[in-house]
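J.: What follows is the file input.txt, containing compact mmCIF, N, CA and C atoms:
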# COMPACT_ATOMS: atom_id res chain seq x y z
N MET A 699 14.06 -8.49 17.95
CA MET A 699 14.88 -9.66 18.17
C MET A 699 14.29 -10.86 17.45
N TRP A 700 12.96 -11.07 17.57
CA TRP A 700 12.36 -12.24 16.92
C TRP A 700 12.47 -12.14 15.41
N ALA A 701 12.42 -10.93 14.88
CA ALA A 701 12.48 -10.77 13.43
C ALA A 701 13.79 -11.31 12.87
N LEU A 702 14.89 -10.98 13.51
CA LEU A 702 16.19 -11.46 13.06
C LEU A 702 16.26 -12.98 13.17
N GLN A 703 15.84 -13.52 14.29
CA GLN A 703 15.90 -14.98 14.46
C GLN A 703 14.94 -15.69 13.51
N PHE A 704 13.78 -15.10 13.28
CA PHE A 704 12.84 -15.69 12.31
C PHE A 704 13.46 -15.70 10.92
N TYR A 705 14.12 -14.59 10.56
CA TYR A 705 14.81 -14.50 9.27
C TYR A 705 15.88 -15.58 9.15
N VAL A 706 16.67 -15.76 10.18
CA VAL A 706 17.71 -16.79 10.18
C VAL A 706 17.08 -18.17 10.03
N ASN A 707 16.01 -18.41 10.75
CA ASN A 707 15.32 -19.70 10.66
C ASN A 707 14.82 -19.94 9.24
N GLN A 708 14.27 -18.91 8.60
CA GLN A 708 13.78 -19.06 7.24
C GLN A 708 14.92 -19.33 6.26
N LYS A 709 16.01 -18.63 6.42
CA LYS A 709 17.14 -18.80 5.51
C LYS A 709 17.80 -20.16 5.66
N LEU A 710 17.95 -20.61 6.88
CA LEU A 710 18.65 -21.88 7.13
C LEU A 710 17.70 -23.08 7.22
N LYS A 711 16.40 -22.79 7.17
CA LYS A 711 15.37 -23.85 7.21
C LYS A 711 15.57 -24.81 8.39
N ILE A 712 15.68 -24.23 9.57
CA ILE A 712 15.89 -25.02 10.79
C ILE A 712 14.57 -25.63 11.27
N HIS A 713 13.55 -24.79 11.40
CA HIS A 713 12.22 -25.23 11.83
C HIS A 713 11.21 -24.73 10.80
N ASN A 714 10.02 -25.29 10.84
CA ASN A 714 8.98 -24.91 9.89
C ASN A 714 7.97 -23.97 10.55
N PHE A 715 8.32 -22.68 10.63
CA PHE A 715 7.42 -21.67 11.17
C PHE A 715 6.84 -20.89 10.00
N LYS A 716 5.53 -20.66 10.02
CA LYS A 716 4.88 -19.95 8.92
C LYS A 716 4.95 -18.43 9.09
N CYS A 717 5.00 -17.98 10.34
CA CYS A 717 5.03 -16.54 10.58
C CYS A 717 5.85 -16.25 11.83
N ILE A 718 6.14 -14.99 12.03
CA ILE A 718 6.98 -14.58 13.15
C ILE A 718 6.28 -14.85 14.49
N ASP A 719 4.94 -14.79 14.50
CA ASP A 719 4.21 -15.08 15.74
C ASP A 719 4.38 -16.54 16.15
N ASP A 720 4.39 -17.43 15.16
CA ASP A 720 4.63 -18.86 15.47
C ASP A 720 6.01 -19.02 16.09
N TYR A 721 6.98 -18.29 15.54
CA TYR A 721 8.33 -18.37 16.09
C TYR A 721 8.37 -17.83 17.52
N ALA A 722 7.73 -16.69 17.73
CA ALA A 722 7.73 -16.06 19.06
C ALA A 722 7.09 -16.98 20.10
N ASP A 723 6.10 -17.77 19.69
CA ASP A 723 5.41 -18.67 20.61
C ASP A 723 6.08 -20.03 20.73
N SER A 724 7.17 -20.24 20.01
CA SER A 724 7.82 -21.56 20.01
C SER A 724 8.56 -21.82 21.32
N ALA A 725 8.96 -23.05 21.49
CA ALA A 725 9.68 -23.47 22.70
C ALA A 725 11.07 -22.85 22.75
N THR A 726 11.55 -22.68 23.95
CA THR A 726 12.86 -22.06 24.17
C THR A 726 13.97 -22.84 23.48
N ASP A 727 13.92 -24.17 23.54
CA ASP A 727 14.99 -24.95 22.92
C ASP A 727 15.03 -24.75 21.41
N GLN A 728 13.89 -24.49 20.78
CA GLN A 728 13.88 -24.21 19.34
C GLN A 728 14.54 -22.87 19.06
N LYS A 729 14.25 -21.88 19.91
CA LYS A 729 14.85 -20.56 19.74
C LYS A 729 16.35 -20.60 19.97
N VAL A 730 16.77 -21.39 20.94
CA VAL A 730 18.20 -21.52 21.23
C VAL A 730 18.92 -22.10 20.02
N LYS A 731 18.32 -23.10 19.39
CA LYS A 731 18.93 -23.71 18.21
C LYS A 731 19.09 -22.68 17.09
N VAL A 732 18.08 -21.84 16.88
CA VAL A 732 18.15 -20.80 15.85
C VAL A 732 19.20 -19.76 16.22
N ARG A 733 19.23 -19.38 17.49
CA ARG A 733 20.20 -18.38 17.93
C ARG A 733 21.62 -18.89 17.75
N GLU A 734 21.85 -20.14 18.09
CA GLU A 734 23.18 -20.73 17.89
C GLU A 734 23.55 -20.76 16.41
N ALA A 735 22.57 -21.05 15.56
CA ALA A 735 22.81 -21.05 14.11
C ALA A 735 23.16 -19.64 13.64
N LEU A 736 22.54 -18.63 14.24
CA LEU A 736 22.86 -17.25 13.90
C LEU A 736 24.31 -16.95 14.25
N TYR A 737 24.75 -17.36 15.42
CA TYR A 737 26.14 -17.12 15.82
C TYR A 737 27.13 -17.82 14.88
N GLU A 738 26.73 -18.97 14.37
CA GLU A 738 27.59 -19.70 13.44
C GLU A 738 27.56 -19.10 12.04
N ASN A 739 26.52 -18.34 11.72
CA ASN A 739 26.35 -17.73 10.40
C ASN A 739 26.10 -16.23 10.56
N ILE A 740 27.00 -15.56 11.22
CA ILE A 740 26.82 -14.16 11.58
C ILE A 740 26.65 -13.24 10.37
N GLU A 741 27.11 -13.69 9.20
CA GLU A 741 26.98 -12.89 7.98
C GLU A 741 25.51 -12.69 7.59
N LEU A 742 24.62 -13.49 8.15
CA LEU A 742 23.20 -13.33 7.85
C LEU A 742 22.66 -11.97 8.30
N ILE A 743 23.30 -11.39 9.30
CA ILE A 743 22.88 -10.06 9.75
C ILE A 743 23.09 -9.05 8.64
N ASP A 744 24.24 -9.10 7.98
CA ASP A 744 24.51 -8.20 6.86
C ASP A 744 23.54 -8.47 5.71
N ASN A 745 23.25 -9.75 5.47
CA ASN A 745 22.31 -10.10 4.40
C ASN A 745 20.92 -9.57 4.69
N LEU A 746 20.53 -9.59 5.96
CA LEU A 746 19.22 -9.07 6.34
C LEU A 746 19.17 -7.57 6.05
N ASP A 747 20.23 -6.84 6.41
CA ASP A 747 20.28 -5.41 6.13
C ASP A 747 20.13 -5.13 4.65
N LYS A 748 20.82 -5.91 3.82
CA LYS A 748 20.72 -5.73 2.36
C LYS A 748 19.32 -6.06 1.88
N SER A 749 18.76 -7.13 2.40
CA SER A 749 17.42 -7.56 2.00
C SER A 749 16.38 -6.49 2.33
N VAL A 750 16.48 -5.91 3.52
CA VAL A 750 15.54 -4.86 3.93
C VAL A 750 15.69 -3.65 3.03
N ALA A 751 16.92 -3.26 2.73
CA ALA A 751 17.16 -2.11 1.86
C ALA A 751 16.61 -2.36 0.46
N GLU A 752 16.82 -3.57 -0.06
CA GLU A 752 16.31 -3.90 -1.39
C GLU A 752 14.79 -3.87 -1.42
N ASN A 753 14.17 -4.40 -0.39
CA ASN A 753 12.70 -4.41 -0.35
C ASN A 753 12.14 -3.01 -0.24
N ARG A 754 12.83 -2.13 0.47
CA ARG A 754 12.38 -0.74 0.55
C ARG A 754 12.44 -0.08 -0.81
N ASN A 755 13.51 -0.35 -1.54
CA ASN A 755 13.66 0.26 -2.85
C ASN A 755 12.67 -0.31 -3.86
N LYS A 756 12.31 -1.58 -3.72
CA LYS A 756 11.41 -2.23 -4.65
C LYS A 756 9.96 -1.84 -4.44
N SER A 757 9.60 -1.57 -3.20
CA SER A 757 8.19 -1.40 -2.88
C SER A 757 7.59 -0.21 -3.62
N ASP A 758 6.47 -0.49 -4.25
CA ASP A 758 5.73 0.56 -4.94
C ASP A 758 4.83 1.24 -3.92
N PRO A 759 4.82 2.55 -3.95
CA PRO A 759 3.92 3.23 -3.02
C PRO A 759 2.48 2.97 -3.42
N LYS A 760 1.80 2.14 -2.65
CA LYS A 760 0.40 1.83 -2.92
C LYS A 760 -0.46 2.64 -1.97
N SER A 761 -1.61 2.97 -2.43
CA SER A 761 -2.50 3.71 -1.55
C SER A 761 -3.03 2.76 -0.48
N LEU A 762 -3.02 3.24 0.72
CA LEU A 762 -3.47 2.44 1.85
C LEU A 762 -4.98 2.54 1.99
N LYS A 763 -5.56 1.49 2.53
CA LYS A 763 -6.99 1.50 2.77
C LYS A 763 -7.31 2.55 3.83
N ASN A 764 -8.40 3.23 3.64
CA ASN A 764 -8.85 4.22 4.61
C ASN A 764 -9.67 3.50 5.68
N TRP A 765 -9.07 3.32 6.84
CA TRP A 765 -9.72 2.60 7.94
C TRP A 765 -10.57 3.52 8.82
N LYS A 766 -10.47 4.81 8.61
CA LYS A 766 -11.18 5.74 9.50
C LYS A 766 -12.67 5.48 9.60
N PRO A 767 -13.39 5.27 8.48
CA PRO A 767 -14.83 5.05 8.61
C PRO A 767 -15.18 3.81 9.45
N GLU A 768 -14.46 2.71 9.23
CA GLU A 768 -14.73 1.49 9.99
C GLU A 768 -14.43 1.69 11.48
N LEU A 769 -13.32 2.37 11.77
CA LEU A 769 -12.96 2.61 13.16
C LEU A 769 -13.94 3.56 13.85
N GLU A 770 -14.42 4.55 13.11
CA GLU A 770 -15.41 5.46 13.68
C GLU A 770 -16.70 4.71 14.00
N GLU A 771 -17.09 3.80 13.09
CA GLU A 771 -18.29 3.00 13.33
C GLU A 771 -18.11 2.10 14.56
N LEU A 772 -16.96 1.47 14.65
CA LEU A 772 -16.68 0.63 15.81
C LEU A 772 -16.67 1.45 17.10
N ALA A 773 -16.07 2.63 17.03
CA ALA A 773 -16.01 3.48 18.22
C ALA A 773 -17.41 3.90 18.67
N SER A 774 -18.27 4.23 17.72
CA SER A 774 -19.62 4.64 18.11
C SER A 774 -20.39 3.47 18.72
N LYS A 775 -20.18 2.26 18.20
CA LYS A 775 -20.83 1.08 18.77
C LYS A 775 -20.25 0.75 20.15
N ALA A 776 -18.94 0.86 20.27
CA ALA A 776 -18.28 0.53 21.55
C ALA A 776 -18.64 1.54 22.63
N LYS A 777 -18.91 2.76 22.23
CA LYS A 777 -19.24 3.81 23.19
C LYS A 777 -20.49 3.45 24.00
N LYS A 778 -21.40 2.70 23.36
CA LYS A 778 -22.65 2.30 24.00
C LYS A 778 -22.46 1.11 24.95
N SER A 779 -21.32 0.45 24.87
CA SER A 779 -21.06 -0.76 25.67
C SER A 779 -20.64 -0.37 27.08
N LYS A 780 -21.43 -0.83 28.04
CA LYS A 780 -21.11 -0.54 29.44
C LYS A 780 -21.50 -1.72 30.30
N GLY A 781 -20.71 -1.96 31.30
CA GLY A 781 -21.07 -2.97 32.29
C GLY A 781 -22.03 -2.36 33.29
N THR A 782 -22.91 -3.16 33.81
CA THR A 782 -23.85 -2.70 34.82
C THR A 782 -23.65 -3.52 36.08
N VAL A 783 -24.38 -3.15 37.12
CA VAL A 783 -24.29 -3.87 38.39
C VAL A 783 -24.75 -5.31 38.21
N GLN A 784 -25.74 -5.52 37.33
CA GLN A 784 -26.27 -6.86 37.12
C GLN A 784 -25.39 -7.72 36.21
N SER A 785 -24.55 -7.11 35.41
CA SER A 785 -23.74 -7.87 34.45
C SER A 785 -22.51 -8.49 35.14
N PRO A 786 -21.94 -9.52 34.53
CA PRO A 786 -20.72 -10.13 35.10
C PRO A 786 -19.61 -9.09 35.27
N ALA A 787 -18.75 -9.31 36.22
CA ALA A 787 -17.69 -8.35 36.55
C ALA A 787 -16.73 -8.11 35.38
N ILE A 788 -16.58 -9.06 34.49
CA ILE A 788 -15.62 -8.92 33.39
C ILE A 788 -16.12 -7.96 32.31
N TYR A 789 -17.42 -7.68 32.25
CA TYR A 789 -17.95 -6.82 31.19
C TYR A 789 -17.28 -5.45 31.16
N SER A 790 -17.24 -4.80 32.29
CA SER A 790 -16.71 -3.43 32.33
C SER A 790 -15.26 -3.35 31.85
N PRO A 791 -14.33 -4.15 32.41
CA PRO A 791 -12.95 -4.06 31.91
C PRO A 791 -12.81 -4.54 30.46
N ALA A 792 -13.65 -5.50 30.05
CA ALA A 792 -13.58 -5.98 28.66
C ALA A 792 -14.00 -4.86 27.71
N PHE A 793 -15.07 -4.17 28.04
CA PHE A 793 -15.52 -3.06 27.20
C PHE A 793 -14.50 -1.92 27.20
N SER A 794 -13.88 -1.68 28.34
CA SER A 794 -12.82 -0.66 28.40
C SER A 794 -11.65 -1.03 27.50
N LEU A 795 -11.32 -2.31 27.47
CA LEU A 795 -10.23 -2.79 26.60
C LEU A 795 -10.59 -2.57 25.14
N VAL A 796 -11.81 -2.86 24.77
CA VAL A 796 -12.26 -2.66 23.38
C VAL A 796 -12.15 -1.18 23.02
N LYS A 797 -12.65 -0.32 23.89
CA LYS A 797 -12.64 1.13 23.62
C LYS A 797 -11.21 1.65 23.50
N ALA A 798 -10.33 1.22 24.40
CA ALA A 798 -8.94 1.67 24.37
C ALA A 798 -8.24 1.17 23.11
N SER A 799 -8.54 -0.05 22.70
CA SER A 799 -7.93 -0.61 21.50
C SER A 799 -8.38 0.14 20.25
N ILE A 800 -9.66 0.47 20.19
CA ILE A 800 -10.17 1.23 19.05
C ILE A 800 -9.54 2.62 19.02
N GLU A 801 -9.42 3.24 20.17
CA GLU A 801 -8.78 4.56 20.26
C GLU A 801 -7.33 4.49 19.76
N PHE A 802 -6.63 3.45 20.16
CA PHE A 802 -5.25 3.25 19.70
C PHE A 802 -5.21 3.08 18.18
N ALA A 803 -6.10 2.27 17.65
CA ALA A 803 -6.15 2.05 16.20
C ALA A 803 -6.49 3.34 15.46
N GLN A 804 -7.42 4.11 15.99
CA GLN A 804 -7.78 5.38 15.35
C GLN A 804 -6.58 6.33 15.29
N LEU A 805 -5.83 6.40 16.37
CA LEU A 805 -4.65 7.26 16.39
C LEU A 805 -3.59 6.75 15.42
N ALA A 806 -3.40 5.43 15.37
CA ALA A 806 -2.41 4.85 14.45
C ALA A 806 -2.77 5.17 13.01
N VAL A 807 -4.05 5.13 12.68
CA VAL A 807 -4.50 5.39 11.32
C VAL A 807 -4.42 6.88 10.99
N SER A 808 -4.75 7.73 11.95
CA SER A 808 -4.80 9.16 11.68
C SER A 808 -3.43 9.82 11.73
N ASP A 809 -2.56 9.37 12.63
CA ASP A 809 -1.24 10.00 12.76
C ASP A 809 -0.22 8.98 13.25
N ALA A 810 0.27 8.16 12.35
CA ALA A 810 1.21 7.09 12.70
C ALA A 810 2.55 7.64 13.19
N ASN A 811 2.82 8.91 12.95
CA ASN A 811 4.10 9.49 13.38
C ASN A 811 4.04 10.08 14.78
N ASP A 812 2.88 10.11 15.38
CA ASP A 812 2.73 10.65 16.74
C ASP A 812 3.12 9.57 17.75
N GLN A 813 4.40 9.36 17.89
CA GLN A 813 4.91 8.30 18.76
C GLN A 813 4.47 8.49 20.21
N GLU A 814 4.50 9.72 20.68
CA GLU A 814 4.12 9.97 22.06
C GLU A 814 2.64 9.66 22.29
N GLY A 815 1.80 10.11 21.37
CA GLY A 815 0.38 9.84 21.48
C GLY A 815 0.07 8.35 21.37
N LEU A 816 0.76 7.67 20.44
CA LEU A 816 0.58 6.23 20.29
C LEU A 816 1.00 5.50 21.55
N TYR A 817 2.10 5.94 22.14
CA TYR A 817 2.58 5.30 23.36
C TYR A 817 1.56 5.48 24.49
N LYS A 818 1.01 6.67 24.63
CA LYS A 818 0.02 6.93 25.68
C LYS A 818 -1.24 6.08 25.45
N ALA A 819 -1.67 5.99 24.19
CA ALA A 819 -2.85 5.19 23.87
C ALA A 819 -2.57 3.71 24.14
N LEU A 820 -1.36 3.27 23.84
CA LEU A 820 -1.00 1.88 24.10
C LEU A 820 -0.96 1.60 25.61
N GLN A 821 -0.50 2.56 26.38
CA GLN A 821 -0.51 2.42 27.84
C GLN A 821 -1.95 2.25 28.35
N LYS A 822 -2.87 2.98 27.74
CA LYS A 822 -4.27 2.87 28.12
C LYS A 822 -4.79 1.45 27.80
N VAL A 823 -4.37 0.91 26.67
CA VAL A 823 -4.74 -0.47 26.31
C VAL A 823 -4.17 -1.44 27.34
N ARG A 824 -2.92 -1.23 27.72
CA ARG A 824 -2.29 -2.12 28.71
C ARG A 824 -3.02 -2.06 30.05
N ARG A 825 -3.40 -0.86 30.48
CA ARG A 825 -4.12 -0.73 31.75
C ARG A 825 -5.45 -1.48 31.68
N ALA A 826 -6.15 -1.33 30.56
CA ALA A 826 -7.43 -2.02 30.40
C ALA A 826 -7.23 -3.54 30.38
N PHE A 827 -6.17 -3.98 29.73
CA PHE A 827 -5.86 -5.41 29.70
C PHE A 827 -5.56 -5.90 31.12
N ASN A 828 -4.75 -5.15 31.85
CA ASN A 828 -4.39 -5.55 33.21
C ASN A 828 -5.62 -5.61 34.11
N LYS A 829 -6.55 -4.67 33.95
CA LYS A 829 -7.78 -4.70 34.75
C LYS A 829 -8.59 -5.95 34.41
N SER A 830 -8.67 -6.29 33.14
CA SER A 830 -9.39 -7.50 32.72
C SER A 830 -8.73 -8.73 33.31
N ASN A 831 -7.43 -8.75 33.27
CA ASN A 831 -6.66 -9.87 33.81
C ASN A 831 -6.89 -10.00 35.32
N THR A 832 -6.91 -8.88 36.00
CA THR A 832 -7.14 -8.89 37.45
C THR A 832 -8.52 -9.44 37.78
N VAL A 833 -9.54 -9.01 37.04
CA VAL A 833 -10.89 -9.51 37.28
C VAL A 833 -10.95 -11.01 37.08
N LEU A 834 -10.36 -11.50 36.01
CA LEU A 834 -10.35 -12.94 35.75
C LEU A 834 -9.63 -13.69 36.86
N TYR A 835 -8.52 -13.15 37.31
CA TYR A 835 -7.75 -13.78 38.38
C TYR A 835 -8.56 -13.84 39.66
N ARG A 836 -9.24 -12.75 40.00
CA ARG A 836 -10.03 -12.70 41.22
C ARG A 836 -11.23 -13.65 41.16
N GLU A 837 -11.77 -13.83 39.97
CA GLU A 837 -12.91 -14.74 39.84
C GLU A 837 -12.50 -16.19 40.00
N GLU A 838 -11.21 -16.48 39.79
CA GLU A 838 -10.73 -17.85 39.98
C GLU A 838 -10.73 -18.25 41.45
N TYR A 839 -10.52 -17.25 42.33
CA TYR A 839 -10.36 -17.57 43.76
C TYR A 839 -11.50 -17.08 44.57
Represent the structure of the file as structure tokens.
T.:
Amino acid sequence: MWALQFYVNQKLKIHNFKCIDDYADSATDQKVKVREALYENIELIDNLDKSVAENRNKSDPKSLKNWKPELEELASKAKKSKGTVQSPAIYSPAFSLVKASIEFAQLAVSDANDQEGLYKALQKVRRAFNKSNTVLYREEY
């Protein structure tokens, strides 16, 4: 959804966002203005489809960087990271989040077509994030 609205914003030059993340983090009233502009210029949807198709046809197949060695190194370093009884409560869930994120990245690099595996790994990242969030919340009170 943000991609289409970001595209519309870029084409119509409504706001000055540098990337889609800036748009996603923008205020609701800014997004409403872009969405209304989309409804007024509905043909932009067809233009986006053509633009995506043209870019696919233009793109040269470039060799991708091999991230496996870096991720393996990170994984071996992260494996040693553990929270202890003496360490702050956030250490353990933070280290779990790092490990789950690296595992997700390793799977994405090794088999990007394994949607089920990627989804399971992402769920593990979410659980680790939620545990970290819970610890931070509990430490506030």
J.: Write out as a list in words the residues lying within 12 Å of Leu769 in chain A, counting only C-alpha atoms and excluding same-chain residues fewer than 4 positions away.
T.: Asn764, Trp765, Ala773, Ser774, Lys775, Ala776, Lys777, Val796, Lys797, Ala798, Ser799, Ile800, Glu801, Phe802, Ala803, Gln804, Leu805, Ala806, Val807 and Ser808 of chain A
J.: In Å, with one decimal, what is the gap from CA of Ile743 in chain A to atom C of Asn707 in chain A?
T.: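 Computing the Euclidean distance for CA of Ile743 in chain A and atom C of Asn707 in chain A yields 12.8 Å.
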J.: Rounded to one decimal in Å, what is the spacing between atom C of Lys780 in chain A and atom C of Leu795 in chain A?
T.: 12.1 Å
J.: Which distance in Å separates CA of Glu771 in chain A and atom C of Ser790 in chain A, to one decimal?
T.: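 So the two atoms, CA of Glu771 in chain A and atom C of Ser790 in chain A, lie 19.8 Å apart.
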J.: List every protein, DNA or RNA residue with an atom no more than 12 Å from (-16.0, -6.5, 30.5) in the file's coordinates, counting only C-alpha atoms, and format the result as a tab-separated table (two decimals) with N, CA and C atoms, in the coordinates of the input.
T.:
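As written to disk, point.tsv reads:
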chain	number	residue	atom	x	y	z
A	776	ALA	N	-18.94	0.86	20.27
A	776	ALA	CA	-18.28	0.53	21.55
A	776	ALA	C	-18.64	1.54	22.63
A	779	SER	N	-21.32	0.45	24.87
A	779	SER	CA	-21.06	-0.76	25.67
A	779	SER	C	-20.64	-0.37	27.08
A	780	LYS	N	-21.43	-0.83	28.04
A	780	LYS	CA	-21.11	-0.54	29.44
A	780	LYS	C	-21.50	-1.72	30.30
A	781	GLY	N	-20.71	-1.96	31.30
A	781	GLY	CA	-21.07	-2.97	32.29
A	781	GLY	C	-22.03	-2.36	33.29
A	782	THR	N	-22.91	-3.16	33.81
A	782	THR	CA	-23.85	-2.70	34.82
A	782	THR	C	-23.65	-3.52	36.08
A	783	VAL	N	-24.38	-3.15	37.12
A	783	VAL	CA	-24.29	-3.87	38.39
A	783	VAL	C	-24.75	-5.31	38.21
A	785	SER	N	-24.55	-7.11	35.41
A	785	SER	CA	-23.74	-7.87	34.45
A	785	SER	C	-22.51	-8.49	35.14
A	786	PRO	N	-21.94	-9.52	34.53
A	786	PRO	CA	-20.72	-10.13	35.10
A	786	PRO	C	-19.61	-9.09	35.27
A	787	ALA	N	-18.75	-9.31	36.22
A	787	ALA	CA	-17.69	-8.35	36.55
A	787	ALA	C	-16.73	-8.11	35.38
A	788	ILE	N	-16.58	-9.06	34.49
A	788	ILE	CA	-15.62	-8.92	33.39
A	788	ILE	C	-16.12	-7.96	32.31
A	789	TYR	N	-17.42	-7.68	32.25
A	789	TYR	CA	-17.95	-6.82	31.19
A	789	TYR	C	-17.28	-5.45	31.16
A	790	SER	N	-17.24	-4.80	32.29
A	790	SER	CA	-16.71	-3.43	32.33
A	790	SER	C	-15.26	-3.35	31.85
A	791	PRO	N	-14.33	-4.15	32.41
A	791	PRO	CA	-12.95	-4.06	31.91
A	791	PRO	C	-12.81	-4.54	30.46
A	792	ALA	N	-13.65	-5.50	30.05
A	792	ALA	CA	-13.58	-5.98	28.66
A	792	ALA	C	-14.00	-4.86	27.71
A	793	PHE	N	-15.07	-4.17	28.04
A	793	PHE	CA	-15.52	-3.06	27.20
A	793	PHE	C	-14.50	-1.92	27.20
A	794	SER	N	-13.88	-1.68	28.34
A	794	SER	CA	-12.82	-0.66	28.40
A	794	SER	C	-11.65	-1.03	27.50
A	795	LEU	N	-11.32	-2.31	27.47
A	795	LEU	CA	-10.23	-2.79	26.60
A	795	LEU	C	-10.59	-2.57	25.14
A	796	VAL	N	-11.81	-2.86	24.77
A	796	VAL	CA	-12.26	-2.66	23.38
A	796	VAL	C	-12.15	-1.18	23.02
A	797	LYS	N	-12.65	-0.32	23.89
A	797	LYS	CA	-12.64	1.13	23.62
A	797	LYS	C	-11.21	1.65	23.50
A	826	ALA	N	-6.15	-1.33	30.56
A	826	ALA	CA	-7.43	-2.02	30.40
A	826	ALA	C	-7.23	-3.54	30.38
A	827	PHE	N	-6.17	-3.98	29.73
A	827	PHE	CA	-5.86	-5.41	29.70
A	827	PHE	C	-5.56	-5.90	31.12
A	828	ASN	N	-4.75	-5.15	31.85
A	828	ASN	CA	-4.39	-5.55	33.21
A	828	ASN	C	-5.62	-5.61	34.11
A	829	LYS	N	-6.55	-4.67	33.95
A	829	LYS	CA	-7.78	-4.70	34.75
A	829	LYS	C	-8.59	-5.95	34.41
A	830	SER	N	-8.67	-6.29	33.14
A	830	SER	CA	-9.39	-7.50	32.72
A	830	SER	C	-8.73	-8.73	33.31
A	831	ASN	N	-7.43	-8.75	33.27
A	831	ASN	CA	-6.66	-9.87	33.81
A	831	ASN	C	-6.89	-10.00	35.32
A	832	THR	N	-6.91	-8.88	36.00
A	832	THR	CA	-7.14	-8.89	37.45
A	832	THR	C	-8.52	-9.44	37.78
A	833	VAL	N	-9.54	-9.01	37.04
A	833	VAL	CA	-10.89	-9.51	37.28
A	833	VAL	C	-10.95	-11.01	37.08
A	834	LEU	N	-10.36	-11.50	36.01
A	834	LEU	CA	-10.35	-12.94	35.75
A	834	LEU	C	-9.63	-13.69	36.86
J.: Step one, run DSSP on the backbone; step two, keep only residues of chain A assigned to alpha helix (DSSP H); then write them as a count of residues only.
T.: 103
J.: Do you know which residues are at most 7 Å from range 722-739 of chain A counting all atoms listed in the file, after dropping those on the same chain fewer than 6 positions away, and could you put them as a PyMOL selection string?
T.: chain A and resi 700+703+706-707+712
J.: Excluding Cys717 in chain A and residues on its chain fewer than 2 positions from it, collect all residues at most 10 Å away from it, counting only C-alpha atoms, and give them as an MDAnalysis selection string.
T.: chainID A and resid 701 704 708 714:715 719:722
